[in-house]
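Notes for the one structure printed next.
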Amino acid sequence: MSAKKSILIINQSAPYGSSNGRESLDLALTCSIFEMPVSLLFVGDGLYQLINNQSPEQLQMKKHEAMLSALPMYDIDQIYVTAEDLSENGLTENDLAMPVTLIQRDVIASLIQQNDSVLTF
Amino acid sequence: MKFSLVIHASPFSAQTSSTAYRYAKCLLDEGHQIFRIFYYGDGVLVANQQITPPQDESNLLTAWQALAEEHALDLVVCIAAAVKRGILDENEAKRYEKPNANLASGFELSGLGQLAEAIAVSDRVVTFGS
């Protein structure tokens, strides 16, 4: 299979309300194993997947931020968040569990254009 | 053009699940090729052979089976998503010591590598979300 195809995964779901966040992450790691360049964009409620000090123990769920910490080991470091989403949710970069690339919302279109394939969770 | 579809939507609960079926049918009618249909998340639930909708309602399971039969479609169900939702083939039923398998014929349990491959070789990948 052609290994060079780049993939953008758009995450728009909050971490614990559905299985989307977990399944998106599993796909990102798998694509990375197949040496496909992976970028992750977190928009809207998806931003909450990234915040630090999550405590889902009472929901009997695994910590999403802990699973995300595997990303650097898989060479996934293209992680995008929009400045607008941060400020609209009353958050700053300091509230996030990992370093991200801040972009303006109107850059999303070119991010989609730059990638060969886009999947949304 | 070569397409692959990723279906997250639960059958009967989300209209997207039947939209995905009609989209696939339309692609084939228009002469496009479908490389693979990948069922993920709650989308895997359509592969339960016990699905029994009321007689006057459409049956998405048999619809997919008929379409797959007619066009030799590759219907792949994510194994991790399926097993935890109780969709098991003979191997998994044996492995987890469950009394019976219930994966519908025409579907195959496999890993996310099958989705990565579908992304790599398809011209277009279309997601049908939950």
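Lettering and numbering for the structure tokens are positional, with chains as A, B, ... in the shown order, residues counted from 1 in each chain, and ligands counted from 1 in the shown order.
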
If you take only C-alpha atoms and a cut-off of 9 Å, which residues of chain A touch chain B, and what are their nearest atom pairs and distances in Å to one decimal, in chain and number order, as CSV?
residue,atom,partner,partner_atom,distance
A:Met1,CA,B:Ala120,CA,6.3
A:Ser2,CA,B:Ala120,CA,5.8
A:Ala3,CA,B:Ala120,CA,6.7
A:Lys4,CA,B:Ala120,CA,7.9
A:Lys5,CA,B:Ala120,CA,5.8
A:Ser6,CA,B:Ala120,CA,8.5
A:Ile7,CA,B:Ile119,CA,8.2
A:Ser19,CA,B:Gly41,CA,7.0
A:Asn20,CA,B:Gly41,CA,7.4
A:Glu23,CA,B:Gly41,CA,7.1
A:Asp26,CA,B:Leu112,CA,7.9
A:Leu27,CA,B:Leu112,CA,6.5
A:Thr30,CA,B:Gly113,CA,6.3
A:Cys31,CA,B:Ala116,CA,5.4
A:Ile33,CA,B:Gly113,CA,8.9
A:Phe34,CA,B:Ala116,CA,7.3
A:Met36,CA,B:Ala120,CA,8.2
A:Asp116,CA,B:Asp123,CA,8.7
A:Ser117,CA,B:Val125,CA,6.8
A:Val118,CA,B:Val125,CA,7.5
A:Leu119,CA,B:Thr127,CA,6.4
A:Thr120,CA,B:Thr127,CA,6.7
A:Phe121,CA,B:Gly129,CA,6.9

Residues from last step as file, C-alpha atoms, as a PDB file, in the first residue's frame:
ATOM      1  CA  MET A   1       0.000   0.000   0.000  1.00  0.00           C
ATOM      2  CA  SER A   2       1.162   3.535  -0.640  1.00  0.00           C
ATOM      3  CA  ALA A   3       2.566   4.568   2.717  1.00  0.00           C
ATOM      4  CA  LYS A   4       2.873   8.289   2.111  1.00  0.00           C
ATOM      5  CA  LYS A   5      -0.774   9.287   2.209  1.00  0.00           C
ATOM      6  CA  SER A   6      -1.286  11.940   4.865  1.00  0.00           C
ATOM      7  CA  ILE A   7      -4.323  11.876   7.123  1.00  0.00           C
ATOM      8  CA  SER A  19     -16.502   6.493  22.312  1.00  0.00           C
ATOM      9  CA  ASN A  20     -15.403   8.797  19.475  1.00  0.00           C
ATOM     10  CA  GLU A  23     -11.664   5.342  18.635  1.00  0.00           C
ATOM     11  CA  ASP A  26      -6.768   4.143  18.117  1.00  0.00           C
ATOM     12  CA  LEU A  27      -6.983   4.996  14.420  1.00  0.00           C
ATOM     13  CA  THR A  30      -2.659   2.556  13.738  1.00  0.00           C
ATOM     14  CA  CYS A  31      -2.098   4.911  10.795  1.00  0.00           C
ATOM     15  CA  ILE A  33       2.291   2.357  12.598  1.00  0.00           C
ATOM     16  CA  PHE A  34       1.662   2.164   8.831  1.00  0.00           C
ATOM     17  CA  MET A  36       1.168   7.518   7.291  1.00  0.00           C
ATOM     18  CA  ASP A 116      -4.846  13.463   1.353  1.00  0.00           C
ATOM     19  CA  SER A 117      -7.568  12.067   3.560  1.00  0.00           C
ATOM     20  CA  VAL A 118      -9.739  13.525   6.322  1.00  0.00           C
ATOM     21  CA  LEU A 119     -11.667  11.551   8.928  1.00  0.00           C
ATOM     22  CA  THR A 120     -14.016  13.025  11.486  1.00  0.00           C
ATOM     23  CA  PHE A 121     -14.881  11.694  14.922  1.00  0.00           C
TER      24      PHE A 121
END

In chain A, what's alpha helix (DSSP H) per DSSP? Answer as a ChimeraX atom specification?
/A:20-33,64-68,83-88,108-114

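With only C-alpha atoms taken into account, the protein and nucleic acid residues at most 12 Å from A:Glu88 (excluding it and anything under 4 positions from it in its own chain) are Val43, Gly44, Asp45, Leu47, Thr82, Ala83, Glu84, Thr92 and Arg105 of chain A.
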